[in-house]
file run.cif (mmCIF, C-alpha atoms and all ligand atoms)
data_model
#
loop_
_atom_site.label_atom_id
_atom_site.label_comp_id
_atom_site.auth_asym_id
_atom_site.auth_seq_id
_atom_site.Cartn_x
_atom_site.Cartn_y
_atom_site.Cartn_z
CA MET A 1 26.29 -3.33 10.02
CA PRO A 2 23.91 -5.70 8.20
CA VAL A 3 20.77 -6.92 9.95
CA SER A 4 21.57 -9.90 12.19
CA LYS A 5 20.44 -13.32 11.13
CA PRO A 6 17.96 -14.46 12.23
CA ALA A 7 16.61 -10.93 12.47
CA ALA A 8 15.94 -9.88 16.05
CA PRO A 9 12.28 -9.22 16.86
CA PHE A 10 11.09 -5.76 17.90
CA GLN A 11 11.74 -5.08 21.56
CA PRO A 12 9.98 -1.85 22.47
CA PRO A 13 10.77 0.19 25.56
CA SER A 14 8.49 -0.74 28.42
CA SER A 15 5.13 0.98 28.91
CA GLU A 16 5.31 0.39 32.67
CA GLY A 17 5.14 3.41 34.93
CA LYS A 18 3.55 5.49 32.17
CA CYS A 19 0.00 6.80 32.35
CA ASP A 20 -2.63 4.37 31.07
CA ILE A 21 -4.11 5.11 27.70
CA PRO A 22 -7.22 3.56 26.18
CA GLU A 23 -6.73 0.62 23.88
CA TRP A 24 -7.25 1.16 20.20
CA GLU A 25 -10.98 0.86 19.45
CA ILE A 26 -10.85 -1.56 16.57
CA PRO A 27 -13.73 -1.10 14.12
CA PRO A 28 -15.37 -4.30 12.81
CA ALA A 29 -14.19 -5.58 9.42
CA THR A 30 -16.74 -5.33 6.64
CA GLN A 31 -19.30 -8.14 6.41
CA LEU A 32 -20.10 -7.28 2.83
CA ASP A 33 -18.82 -9.44 0.09
CA HIS A 34 -16.37 -7.51 -2.01
CA ASP A 35 -14.19 -8.33 -4.90
CA PHE A 36 -10.98 -7.67 -2.96
CA ALA A 37 -7.60 -7.33 -4.62
CA GLU A 38 -5.56 -10.52 -4.65
CA LEU A 39 -2.20 -9.70 -3.11
CA HIS A 40 0.80 -11.91 -2.64
CA THR A 41 1.90 -12.56 0.95
CA LEU A 42 5.55 -12.47 1.86
CA ASP A 43 6.62 -14.30 4.99
CA LEU A 44 9.67 -12.20 5.89
CA SER A 45 10.95 -14.72 8.44
CA LEU A 46 11.76 -17.04 5.53
CA LEU A 47 14.60 -14.74 4.55
CA ASP A 48 16.44 -16.24 7.53
CA SER A 49 16.02 -19.80 6.31
CA ASP A 50 19.16 -21.91 5.99
CA ASP A 51 17.68 -23.57 2.93
CA PRO A 52 18.77 -21.59 -0.16
CA LYS A 53 15.80 -22.94 -2.13
CA VAL A 54 13.34 -21.39 0.35
CA VAL A 55 15.06 -18.02 0.10
CA ASP A 56 15.26 -18.25 -3.66
CA ASP A 57 11.55 -19.04 -3.96
CA LEU A 58 10.85 -16.04 -1.77
CA VAL A 59 12.86 -13.74 -4.04
CA GLN A 60 11.10 -15.16 -7.13
CA MET A 61 7.69 -14.65 -5.56
CA VAL A 62 8.52 -11.02 -4.78
CA LYS A 63 9.83 -10.55 -8.31
CA THR A 64 6.47 -11.63 -9.71
CA ALA A 65 4.43 -9.63 -7.23
CA ILE A 66 6.18 -6.35 -7.79
CA LYS A 67 6.06 -6.71 -11.53
CA GLU A 68 2.33 -7.23 -11.43
CA ASP A 69 0.95 -4.77 -8.95
CA GLY A 70 3.69 -3.46 -6.68
CA PHE A 71 1.73 -4.29 -3.55
CA LEU A 72 2.49 -7.02 -1.00
CA TYR A 73 1.25 -8.22 2.36
CA VAL A 74 4.12 -8.96 4.68
CA LYS A 75 3.79 -11.22 7.72
CA ASN A 76 6.23 -12.40 10.39
CA TYR A 77 8.26 -9.24 10.09
CA GLY A 78 9.14 -9.07 13.78
CA VAL A 79 6.41 -6.87 15.30
CA SER A 80 3.68 -8.72 17.20
CA ILE A 81 0.04 -7.74 16.83
CA GLU A 82 0.01 -6.49 20.45
CA GLN A 83 3.04 -4.28 19.79
CA LEU A 84 1.38 -2.96 16.64
CA HIS A 85 -1.90 -2.26 18.42
CA ARG A 86 0.01 -0.34 21.08
CA GLN A 87 1.20 2.00 18.31
CA PHE A 88 -2.40 2.42 17.12
CA ALA A 89 -3.46 3.19 20.71
CA ILE A 90 -0.78 5.90 20.93
CA ALA A 91 -1.90 7.37 17.59
CA GLN A 92 -5.54 7.34 18.70
CA TYR A 93 -4.51 9.05 21.94
CA ASN A 94 -2.55 11.65 19.98
CA HIS A 95 -5.52 12.58 17.81
CA ARG A 96 -7.89 12.69 20.75
CA ASN A 97 -5.67 14.82 22.95
CA ILE A 98 -3.59 17.17 20.83
CA SER A 99 -4.54 20.63 22.15
CA GLU A 100 -5.98 23.48 20.09
CA GLU A 101 -2.86 25.49 20.81
CA GLU A 102 -0.66 22.67 19.44
CA GLN A 103 -2.85 22.25 16.36
CA GLU A 104 -2.00 25.88 15.58
CA ARG A 105 1.62 25.91 16.69
CA LEU A 106 2.54 22.61 15.01
CA LEU A 107 0.44 23.24 11.91
CA TRP A 108 2.13 21.82 8.84
CA HIS A 109 3.42 23.80 5.92
CA PRO A 110 3.37 21.60 2.77
CA GLU A 111 4.39 24.55 0.57
CA THR A 112 7.91 24.04 1.98
CA GLY A 113 8.00 20.56 0.40
CA VAL A 114 7.65 18.62 3.65
CA TYR A 115 4.60 17.43 5.57
CA SER A 116 6.11 17.91 9.06
CA GLY A 117 3.60 18.38 11.88
CA TYR A 118 -0.17 18.64 12.09
CA LYS A 119 -2.64 18.44 9.23
CA ARG A 120 -6.08 19.83 9.94
CA PRO A 121 -9.05 18.11 8.27
CA TYR A 122 -9.18 20.84 5.63
CA GLY A 123 -7.03 19.87 2.68
CA TRP A 124 -3.38 19.66 1.66
CA LYS A 125 -2.27 23.23 2.16
CA ARG A 126 -1.37 25.28 5.21
CA GLU A 127 -4.35 27.52 4.50
CA LYS A 128 -7.72 26.03 5.26
CA GLN A 129 -9.51 24.52 2.22
CA ALA A 130 -12.82 22.64 2.06
CA LEU A 131 -13.41 19.93 4.68
CA ASP A 132 -11.76 16.62 3.71
CA GLY A 133 -12.05 14.97 7.13
CA ILE A 134 -8.43 13.75 7.22
CA LYS A 135 -6.15 14.61 10.14
CA HIS A 136 -2.46 13.75 10.34
CA PHE A 137 0.41 14.07 12.64
CA ASN A 138 3.68 13.59 10.72
CA PHE A 139 7.04 12.86 12.31
CA TYR A 140 10.13 13.79 10.28
CA LYS A 141 13.67 14.01 11.59
CA PRO A 142 13.13 17.44 13.26
CA GLU A 143 10.19 15.98 15.22
CA PHE A 144 12.43 13.17 16.43
CA ASP A 145 15.13 15.68 17.38
CA GLU A 146 13.03 18.27 19.22
CA ILE A 147 10.42 17.17 21.70
CA ASP A 148 8.71 20.60 21.51
CA ARG A 149 7.61 19.67 18.03
CA ILE A 150 5.57 16.76 19.39
CA PRO A 151 2.13 17.05 21.06
CA GLU A 152 2.57 16.95 24.82
CA CYS A 153 0.07 14.13 25.31
CA ILE A 154 2.43 11.66 23.60
CA HIS A 155 5.67 12.79 25.25
CA PRO A 156 5.57 9.82 27.66
CA PHE A 157 5.34 7.38 24.74
CA PHE A 158 7.81 9.00 22.45
CA ASP A 159 10.50 6.43 23.20
CA GLU A 160 8.10 3.75 21.94
CA ILE A 161 7.31 5.67 18.75
CA THR A 162 11.00 6.24 18.09
CA ALA A 163 11.93 2.61 18.70
CA PHE A 164 9.10 1.44 16.44
CA CYS A 165 10.20 3.70 13.55
CA ASN A 166 13.81 2.67 13.99
CA TYR A 167 12.89 -1.00 13.87
CA MET A 168 10.61 -0.59 10.86
CA SER A 169 13.19 1.44 8.91
CA LYS A 170 16.42 -0.26 9.90
CA SER A 171 15.29 -3.83 10.22
CA VAL A 172 12.03 -4.48 8.31
CA ASN A 173 12.64 -2.01 5.49
CA ARG A 174 16.25 -3.06 5.20
CA ARG A 175 15.34 -6.75 4.93
CA LEU A 176 12.77 -5.90 2.25
CA LEU A 177 15.44 -3.95 0.35
CA THR A 178 17.70 -7.00 0.58
CA ILE A 179 15.08 -8.99 -1.30
CA LEU A 180 14.65 -6.22 -3.89
CA SER A 181 18.43 -6.03 -4.35
CA ARG A 182 18.44 -9.77 -4.98
CA VAL A 183 15.68 -9.38 -7.57
CA LEU A 184 18.00 -6.95 -9.36
CA GLU A 185 20.74 -9.60 -8.91
CA LEU A 186 22.84 -7.16 -6.92
CA ASP A 187 24.50 -7.61 -3.54
CA ASP A 188 22.16 -7.63 -0.52
CA GLU A 189 23.10 -4.16 0.65
CA PHE A 190 22.96 -2.47 -2.74
CA ILE A 191 19.70 -0.50 -2.49
CA TRP A 192 20.15 0.22 1.21
CA ARG A 193 23.67 1.48 0.63
CA THR A 194 23.19 3.47 -2.55
CA ALA A 195 19.66 4.85 -2.41
CA GLN A 196 18.09 4.67 1.07
CA SER A 197 18.28 7.78 3.24
CA LYS A 198 19.24 6.71 6.73
CA GLN A 199 19.52 9.57 9.19
CA GLY A 200 17.25 9.34 12.24
CA PRO A 201 14.37 6.89 12.67
CA THR A 202 12.78 7.65 9.27
CA GLY A 203 15.63 8.98 7.11
CA GLU A 204 14.35 11.83 4.95
CA GLY A 205 10.94 10.15 5.05
CA TYR A 206 8.35 10.27 7.80
CA PHE A 207 5.96 8.43 10.08
CA ARG A 208 2.30 9.40 9.96
CA HIS A 209 -0.58 9.07 12.41
CA ALA A 210 -3.57 9.49 10.06
CA LEU A 211 -7.18 9.72 11.12
CA PHE A 212 -9.95 9.59 8.51
CA GLN A 213 -13.19 10.89 9.96
CA PRO A 214 -16.35 9.37 8.48
CA LEU A 215 -16.91 11.02 5.11
CA ALA A 216 -19.12 14.10 5.59
CA SER A 217 -21.93 14.61 3.09
CA GLU A 218 -20.55 18.02 2.09
CA THR A 219 -17.19 16.43 1.24
CA LYS A 220 -18.78 13.51 -0.57
CA GLU A 221 -20.81 15.82 -2.73
CA LEU A 222 -17.62 17.46 -3.98
CA SER A 223 -15.33 14.42 -4.11
CA LYS A 224 -17.80 11.70 -5.19
CA GLY A 225 -16.55 9.37 -2.48
CA LEU A 226 -12.87 9.89 -3.18
CA ARG A 227 -10.71 10.55 -0.10
CA MET A 228 -7.28 10.59 -1.71
CA HIS A 229 -6.68 10.84 -5.44
CA GLY A 230 -5.27 7.88 -7.33
CA HIS A 231 -1.51 8.24 -6.96
CA CYS A 232 1.84 6.51 -6.67
CA ASP A 233 3.98 7.25 -3.66
CA PHE A 234 7.03 9.10 -4.84
CA GLY A 235 9.74 7.49 -2.72
CA MET A 236 11.11 4.08 -1.83
CA LEU A 237 8.97 1.60 0.16
CA THR A 238 5.80 2.68 1.90
CA LEU A 239 5.07 0.61 4.98
CA LEU A 240 1.35 0.66 5.74
CA PHE A 241 -0.44 -1.44 8.27
CA SER A 242 -3.55 -3.32 7.28
CA VAL A 243 -6.58 -1.73 8.97
CA PRO A 244 -10.16 -2.97 9.40
CA VAL A 245 -11.86 -0.08 7.58
CA SER A 246 -11.46 -0.96 3.91
CA SER A 247 -10.68 2.25 2.10
CA LEU A 248 -7.36 1.64 0.46
CA GLN A 249 -7.84 0.52 -3.13
CA ILE A 250 -5.38 -0.58 -5.76
CA TRP A 251 -5.55 -0.33 -9.51
CA GLY A 252 -5.41 -3.74 -11.13
CA ALA A 253 -4.01 -4.83 -14.49
CA ASP A 254 -7.65 -5.10 -15.59
CA GLU A 255 -8.01 -1.36 -14.95
CA ARG A 256 -10.35 -1.61 -11.98
CA TRP A 257 -10.09 -0.35 -8.42
CA ARG A 258 -10.30 -3.00 -5.72
CA TYR A 259 -10.23 -2.73 -1.96
CA VAL A 260 -7.29 -4.21 -0.08
CA LYS A 261 -8.67 -6.71 2.42
CA TYR A 262 -8.02 -6.48 6.16
CA GLU A 263 -5.38 -8.95 7.34
CA PRO A 264 -4.91 -8.39 11.09
CA GLY A 265 -1.32 -7.56 11.95
CA ALA A 266 -0.11 -7.60 8.35
CA LEU A 267 2.12 -5.00 6.88
CA VAL A 268 1.02 -3.70 3.50
CA VAL A 269 4.00 -2.62 1.44
CA ASN A 270 3.91 -0.57 -1.68
CA LEU A 271 6.66 0.57 -3.98
CA GLY A 272 7.30 4.19 -4.80
CA GLU A 273 8.39 5.87 -8.00
CA THR A 274 12.05 6.13 -7.00
CA LEU A 275 12.18 2.33 -6.86
CA GLU A 276 10.44 2.00 -10.22
CA ILE A 277 13.10 4.22 -11.77
CA LEU A 278 15.96 2.62 -9.88
CA SER A 279 14.85 -0.78 -11.20
CA GLY A 280 14.62 0.41 -14.79
CA GLY A 281 10.86 -0.28 -14.67
CA HIS A 282 11.21 -3.89 -13.46
CA PHE A 283 9.38 -2.88 -10.26
CA LYS A 284 6.00 -1.21 -10.57
CA ALA A 285 5.16 1.79 -8.46
CA THR A 286 1.77 0.93 -7.01
CA ARG A 287 -1.21 2.92 -8.20
CA HIS A 288 -3.59 3.31 -5.30
CA ARG A 289 -6.17 5.64 -3.82
CA VAL A 290 -8.31 6.03 -0.71
CA PHE A 291 -12.06 5.71 -1.24
CA GLU A 292 -15.18 5.63 0.88
CA PRO A 293 -15.43 2.20 2.56
CA PRO A 294 -18.20 -0.37 2.07
CA GLU A 295 -21.63 0.66 3.39
CA ASP A 296 -21.38 -1.11 6.77
CA GLN A 297 -18.16 0.76 7.70
CA ARG A 298 -19.12 4.29 6.83
CA ALA A 299 -19.83 5.42 10.37
CA PHE A 300 -16.40 4.45 11.71
CA GLU A 301 -13.25 6.46 12.03
CA ARG A 302 -10.29 5.00 10.21
CA LEU A 303 -6.92 5.20 11.86
CA SER A 304 -3.99 4.48 9.56
CA LEU A 305 -0.28 4.36 10.40
CA VAL A 306 2.19 4.81 7.60
CA ILE A 307 5.97 4.99 7.34
CA PHE A 308 7.17 6.54 4.11
CA GLN A 309 10.70 5.44 3.36
CA SER A 310 12.72 7.87 1.39
CA SER A 311 15.66 7.97 -0.96
CA ILE A 312 18.74 10.15 -0.61
CA GLY A 313 17.47 13.57 -1.67
CA ASP A 314 20.63 14.70 -3.47
CA LEU A 315 20.67 11.71 -5.82
CA MET A 316 19.36 12.16 -9.32
CA MET A 317 16.56 9.76 -10.23
CA GLN A 318 18.31 7.04 -12.20
CA PRO A 319 18.31 3.31 -12.91
CA ALA A 320 20.88 1.01 -11.26
CA MET A 321 22.79 0.17 -14.43
CA GLU A 322 25.00 -2.22 -12.43
CA SER A 323 22.05 -4.61 -12.24
CA PRO A 324 22.67 -7.82 -14.24
CA LEU A 325 18.90 -8.08 -14.65
CA ILE A 326 18.74 -4.67 -16.35
CA GLN A 327 21.87 -5.41 -18.39
CA ARG A 328 20.44 -8.71 -19.61
CA GLU A 329 16.77 -7.85 -20.10
CA GLY A 330 16.94 -4.10 -20.62
CA PHE A 331 14.35 -1.67 -19.31
CA VAL A 332 10.66 -2.35 -18.86
CA ASN A 333 9.28 0.84 -20.22
CA TYR A 334 5.86 0.29 -21.66
CA GLN A 335 4.03 2.17 -18.92
CA GLY A 336 4.12 4.21 -15.77
CA CYS A 337 6.57 6.70 -14.45
CA PHE A 338 9.65 4.92 -15.81
CA LYS A 339 8.32 5.24 -19.34
CA GLU A 340 7.97 8.98 -18.92
CA TYR A 341 11.31 9.26 -17.17
CA LYS A 342 13.01 7.44 -20.04
CA ARG A 343 11.34 9.57 -22.68
CA PHE A 344 12.62 12.58 -20.81
CA ARG A 345 16.15 11.29 -20.39
CA ASP A 346 16.37 10.11 -23.99
CA ALA A 347 15.45 13.62 -25.11
CA GLY A 348 18.42 14.91 -23.12
CA MET A 349 16.23 16.83 -20.67
CA PRO A 350 17.51 17.32 -17.10
CA VAL A 351 15.95 14.79 -14.72
CA PRO A 352 15.01 15.91 -11.20
CA SER A 353 16.79 14.87 -8.04
CA ASN A 354 14.88 12.67 -5.63
CA ARG A 355 14.35 15.67 -3.35
CA GLN A 356 13.01 17.84 -6.16
CA TRP A 357 10.67 15.08 -7.23
CA ARG A 358 9.18 14.47 -3.78
CA GLU A 359 9.08 18.11 -2.70
CA GLY A 360 7.52 19.17 -6.00
CA GLN A 361 4.64 16.76 -5.43
CA ILE A 362 4.18 17.73 -1.78
CA LYS A 363 4.10 21.44 -2.61
CA ASP A 364 1.45 20.97 -5.22
CA GLY A 365 -1.08 18.48 -3.86
CA ARG A 366 -4.60 18.64 -5.27
CA GLU A 367 -7.74 18.52 -3.15
CA VAL A 368 -10.36 15.82 -3.75
CA THR A 369 -12.88 18.61 -3.16
CA ASP A 370 -11.46 20.81 -5.93
CA VAL A 371 -14.32 20.73 -8.44
CA VAL A 372 -12.64 23.33 -10.66
CA ASN A 373 -9.48 21.34 -11.39
CA ASN A 374 -11.00 17.86 -11.07
CA GLN A 375 -12.63 17.92 -14.46
CA VAL A 376 -11.86 17.02 -18.06
CA GLY A 377 -10.10 19.92 -19.71
CA LYS A 378 -8.31 20.82 -16.46
CA ASP A 379 -6.45 18.09 -14.53
CA ARG A 380 -8.37 15.22 -16.08
CA VAL A 381 -8.45 13.43 -19.41
CA GLU A 382 -10.63 10.63 -20.73
CA ILE A 383 -8.84 7.70 -22.34
CA ASN A 384 -10.87 4.78 -23.74
CA GLY A 385 -13.85 5.78 -21.66
CA LYS A 386 -11.83 5.92 -18.42
CA LEU A 387 -10.93 9.01 -16.43
CA PHE A 388 -7.32 9.81 -15.66
CA SER A 389 -5.66 12.71 -13.96
CA LYS A 390 -2.86 14.28 -15.94
CA ARG A 391 -0.38 16.61 -14.33
CA GLU A 392 3.12 17.77 -15.02
CA PHE A 393 6.11 17.90 -12.66
CA PHE A 394 9.48 19.18 -13.91
CA GLY A 395 8.16 18.73 -17.43
CA MET A 396 7.36 15.06 -16.82
CA THR A 397 3.75 14.02 -17.30
CA VAL A 398 2.14 12.05 -14.49
CA LEU A 399 -0.89 10.13 -15.70
CA LEU A 400 -2.96 8.32 -13.08
CA PRO A 401 -6.35 6.64 -12.92
CA VAL A 402 -8.93 8.65 -10.99
O1 LIG B 1 -4.15 5.36 4.51
C1 LIG B 1 -3.88 4.60 3.59
O2 LIG B 1 -4.25 3.42 3.60
C2 LIG B 1 -3.08 5.01 2.38
C3 LIG B 1 -2.64 6.43 2.36
C4 LIG B 1 -1.80 6.75 1.15
O3 LIG B 1 -1.86 6.11 0.14
C5 LIG B 1 -0.82 7.84 1.20
O4 LIG B 1 -0.91 8.65 2.10
O5 LIG B 1 0.06 7.92 0.33
FE FE B 2 -0.01 6.47 -1.04
#

call {"tool": "encode", "arguments": {"input": "run.cif", "output": "structure tokens"}}
result
Amino acid sequence: MPVSKPAAPFQPPSSEGKCDIPEWEIPPATQLDHDFAELHTLDLSLLDSDDPKVVDDLVQMVKTAIKEDGFLYVKNYGVSIEQLHRQFAIAQYNHRNISEEEQERLLWHPETGVYSGYKRPYGWKREKQALDGIKHFNFYKPEFDEIDRIPECIHPFFDEITAFCNYMSKSVNRRLLTILSRVLELDDEFIWRTAQSKQGPTGEGYFRHALFQPLASETKELSKGLRMHGHCDFGMLTLLFSVPVSSLQIWGADERWRYVKYEPGALVVNLGETLEILSGGHFKATRHRVFEPPEDQRAFERLSLVIFQSSIGDLMMQPAMESPLIQREGFVNYQGCFKEYKRFRDAGMPVPSNRQWREGQIKDGREVTDVVNNQVGKDRVEINGKLFSKREFFGMTVLLPV
């Protein structure tokens, strides 16, 4: 069934009768003057307008935004700031109360190609690496199906987490995909129907409670302030929530990193590689990284909630050739992952399925603390005086700014 119009707002299960948990301790926004990235803001409630011109302008604005940088702020998407802060409070409670026994028992295993469960602050493998100061708890479908896979401290709130993920995936994400389908001049349900994985509250994707501890000097020495490498997300839409500690940076057309500014309550949406390929390069997968925040925020913990939307794993990565936009204007293949994908396909090489693509990247994550591989001659190359990381997955080269 399509989303109702006007879209119903989020109505979470009640928190009454549950134990009290502390409110989210919101760190202060930076006072320092930064050259923040300029992002377009999408008012999602306008999709319900009865005026076709309003809706059309909205679609055109999104078309421009995702061609330029692939990042958008979204407001009026149906979740109030209080409801959002409740989710942050639950995530904070989770990280403060998950027991030692659960940290062991629910420890993740990225070498299997999924990030299910608990990430210790020691890198992107099951085995302990150098300290990176990033903790996660990741909820995939098995976590939603089996309560034993969830830390006990959040059992009472699990109905709220589930309802939130369902709303974000099946209402907010779906409405955003409607707009993207319209940009491709396809029917409203096209991307949702043909590419979005739908089972459970997050499909084949996942919800993450991330906690970035203040950057330790030993980590900084190895990583030079980097907390997550420059990357594109590999899937469909990533739904992030704007947070006060400015660490997320995006790579601009002028080849510079800029912080994304805090907009209380806003959703920050970025596009993954599957969407870039599906759109024949008309949408840009967002190049972004996580970096040490401005000076006045370095002592604060950074809590970040993310929902990674995912494509149907069994599908091969391929453009939607039905799109009148692609038929009329052809591919946009001068850069990025679509360019490489096209080179590969044109050479008659087998392209990976969506599952292979995402699992290959999860299995083989690189540490920011890895001083052996993070150098020119190993994973890095210098192009026009700028450093890029260069890696290969399924024979396809992935080139990203450091
Ligand atoms: O925490 C953030 O703001 C972004 C994290 C991110 O880019 C990712 O995990 O893919
Ligand atoms: Fe990302």

call {"tool": "residues_near_ligand", "arguments": {"input": "run.cif", "ligand": "ligand LIG 1 (chain B)", "cutoff": "10 Å", "atoms": "all atoms listed in the file", "output": "ChimeraX atom specification"}}
result
/A:134,136,208-212,227-234,238-243,245-250,260,268,270,272,286-291,302-308

call {"tool": "residues_near_point", "arguments": {"input": "run.cif", "point": "(20.2, 5.4, -4.1)", "cutoff": "9 Å", "atoms": "only C-alpha atoms", "output": "PDB file with C-alpha atoms, in the coordinates of the input"}}
result
ATOM      1  CA  PHE A 190      22.960  -2.470  -2.740  1.00  0.00           C
ATOM      2  CA  ILE A 191      19.700  -0.500  -2.490  1.00  0.00           C
ATOM      3  CA  TRP A 192      20.150   0.220   1.210  1.00  0.00           C
ATOM      4  CA  ARG A 193      23.670   1.480   0.630  1.00  0.00           C
ATOM      5  CA  THR A 194      23.190   3.470  -2.550  1.00  0.00           C
ATOM      6  CA  ALA A 195      19.660   4.850  -2.410  1.00  0.00           C
ATOM      7  CA  GLN A 196      18.090   4.670   1.070  1.00  0.00           C
ATOM      8  CA  SER A 197      18.280   7.780   3.240  1.00  0.00           C
ATOM      9  CA  THR A 274      12.050   6.130  -7.000  1.00  0.00           C
ATOM     10  CA  LEU A 278      15.960   2.620  -9.880  1.00  0.00           C
ATOM     11  CA  SER A 311      15.660   7.970  -0.960  1.00  0.00           C
ATOM     12  CA  ILE A 312      18.740  10.150  -0.610  1.00  0.00           C
ATOM     13  CA  GLY A 313      17.470  13.570  -1.670  1.00  0.00           C
ATOM     14  CA  LEU A 315      20.670  11.710  -5.820  1.00  0.00           C
ATOM     15  CA  MET A 316      19.360  12.160  -9.320  1.00  0.00           C
ATOM     16  CA  MET A 317      16.560   9.760 -10.230  1.00  0.00           C
ATOM     17  CA  GLN A 318      18.310   7.040 -12.200  1.00  0.00           C
ATOM     18  CA  ALA A 320      20.880   1.010 -11.260  1.00  0.00           C
TER      19      ALA A 320
END

call {"tool": "atom_distance", "arguments": {"input": "run.cif", "atom1": "atom CA of Tyr140 of chain A", "atom2": "atom CA of Tyr77 of chain A"}}
result
23.1 Å

call {"tool": "closest_residue", "arguments": {"input": "run.cif", "among": "A:Leu325, A:Ala299, A:Leu46, A:Ala285", "to": "Leu400 of chain A", "atoms": "all atoms listed in the file"}}
result
A:Ala285

call {"tool": "atom_distance", "arguments": {"input": "run.cif", "atom1": "atom CA of Lys75 of chain A", "atom2": "atom CA of Cys165 of chain A"}}
result
17.3 Å

call {"tool": "closest_residue", "arguments": {"input": "run.cif", "among": "A:Leu237, A:Phe344, A:Pro350, A:Pro121", "to": "ligand FE 2 (chain B)", "atoms": "all atoms listed in the file"}}
result
A:Leu237

call {"tool": "atom_distance", "arguments": {"input": "run.cif", "atom1": "atom CA of Ser80 of chain A", "atom2": "atom CA of Ser49 of chain A"}}
result
19.8 Å

call {"tool": "closest_residue", "arguments": {"input": "run.cif", "among": "A:Met168, A:Gly200, A:Glu185, A:Val371", "to": "Asp145 of chain A", "atoms": "all atoms listed in the file"}}
result
A:Gly200

call {"tool": "residues_around", "arguments": {"input": "run.cif", "residues": "Asp364 of chain A", "least_positions_apart": "4", "cutoff": "10 Å", "atoms": "only C-alpha atoms", "output": "list of chain:residue names"}}
result
A:Pro110, A:Glu111, A:Gly113, A:Trp124, A:Lys125, A:Glu359, A:Gly360, A:Phe393

call {"tool": "closest_residue", "arguments": {"input": "run.cif", "among": "A:Arg343, A:His282, A:Lys67, A:Lys261", "to": "Leu39 of chain A", "atoms": "all atoms listed in the file"}}
result
A:Lys261

call {"tool": "residues_around", "arguments": {"input": "run.cif", "residues": "segment 52-65 of chain A", "least_positions_apart": "6", "cutoff": "8 Å", "atoms": "all atoms listed in the file", "output": "ChimeraX atom specification"}}
result
/A:39-40,42,46,71-72,179-180,182-183,283

call {"tool": "axis_aligned_box", "arguments": {"input": "run.cif", "around": "segment 376-380 of chain A", "padding_each_side": "8 Å", "output": "JSON"}}
result
{"center_x": -9.2, "center_y": 18.0, "center_z": -17.1, "size_x": 21.4, "size_y": 21.6, "size_z": 21.2}

call {"tool": "residues_around", "arguments": {"input": "run.cif", "residues": "Pro22 of chain A", "least_positions_apart": "2", "cutoff": "9 Å", "atoms": "only C-alpha atoms", "output": "list in words"}}
result
Asp20, Trp24, Glu25, Ala89, Ile90, Gln92 and Tyr93 of chain A

call {"tool": "closest_residue", "arguments": {"input": "run.cif", "among": "A:Ser279, A:Gln87, A:Asn76, A:Asn384", "to": "Pro324 of chain A", "atoms": "all atoms listed in the file"}}
result
A:Ser279

call {"tool": "residues_around", "arguments": {"input": "run.cif", "residues": "Thr397 of chain A", "least_positions_apart": "3", "cutoff": "10 Å", "atoms": "all atoms listed in the file", "output": "list in words"}}
result
Gly336, Cys337, Glu340, Tyr341, Phe344, Lys390, Arg391, Glu392, Phe393, Phe394 and Leu400 of chain A

call {"tool": "residues_near_point", "arguments": {"input": "run.cif", "point": "(3.4, 4.5, 17.7)", "cutoff": "7 Å", "atoms": "only C-alpha atoms", "output": "PDB file with C-alpha atoms, in the frame of the given file"}}
result
ATOM      1  CA  ARG A  86       0.010  -0.340  21.080  1.00  0.00           C
ATOM      2  CA  GLN A  87       1.200   2.000  18.310  1.00  0.00           C
ATOM      3  CA  PHE A  88      -2.400   2.420  17.120  1.00  0.00           C
ATOM      4  CA  ILE A  90      -0.780   5.900  20.930  1.00  0.00           C
ATOM      5  CA  ALA A  91      -1.900   7.370  17.590  1.00  0.00           C
ATOM      6  CA  GLU A 160       8.100   3.750  21.940  1.00  0.00           C
ATOM      7  CA  ILE A 161       7.310   5.670  18.750  1.00  0.00           C
ATOM      8  CA  PHE A 164       9.100   1.440  16.440  1.00  0.00           C
TER       9      PHE A 164
END
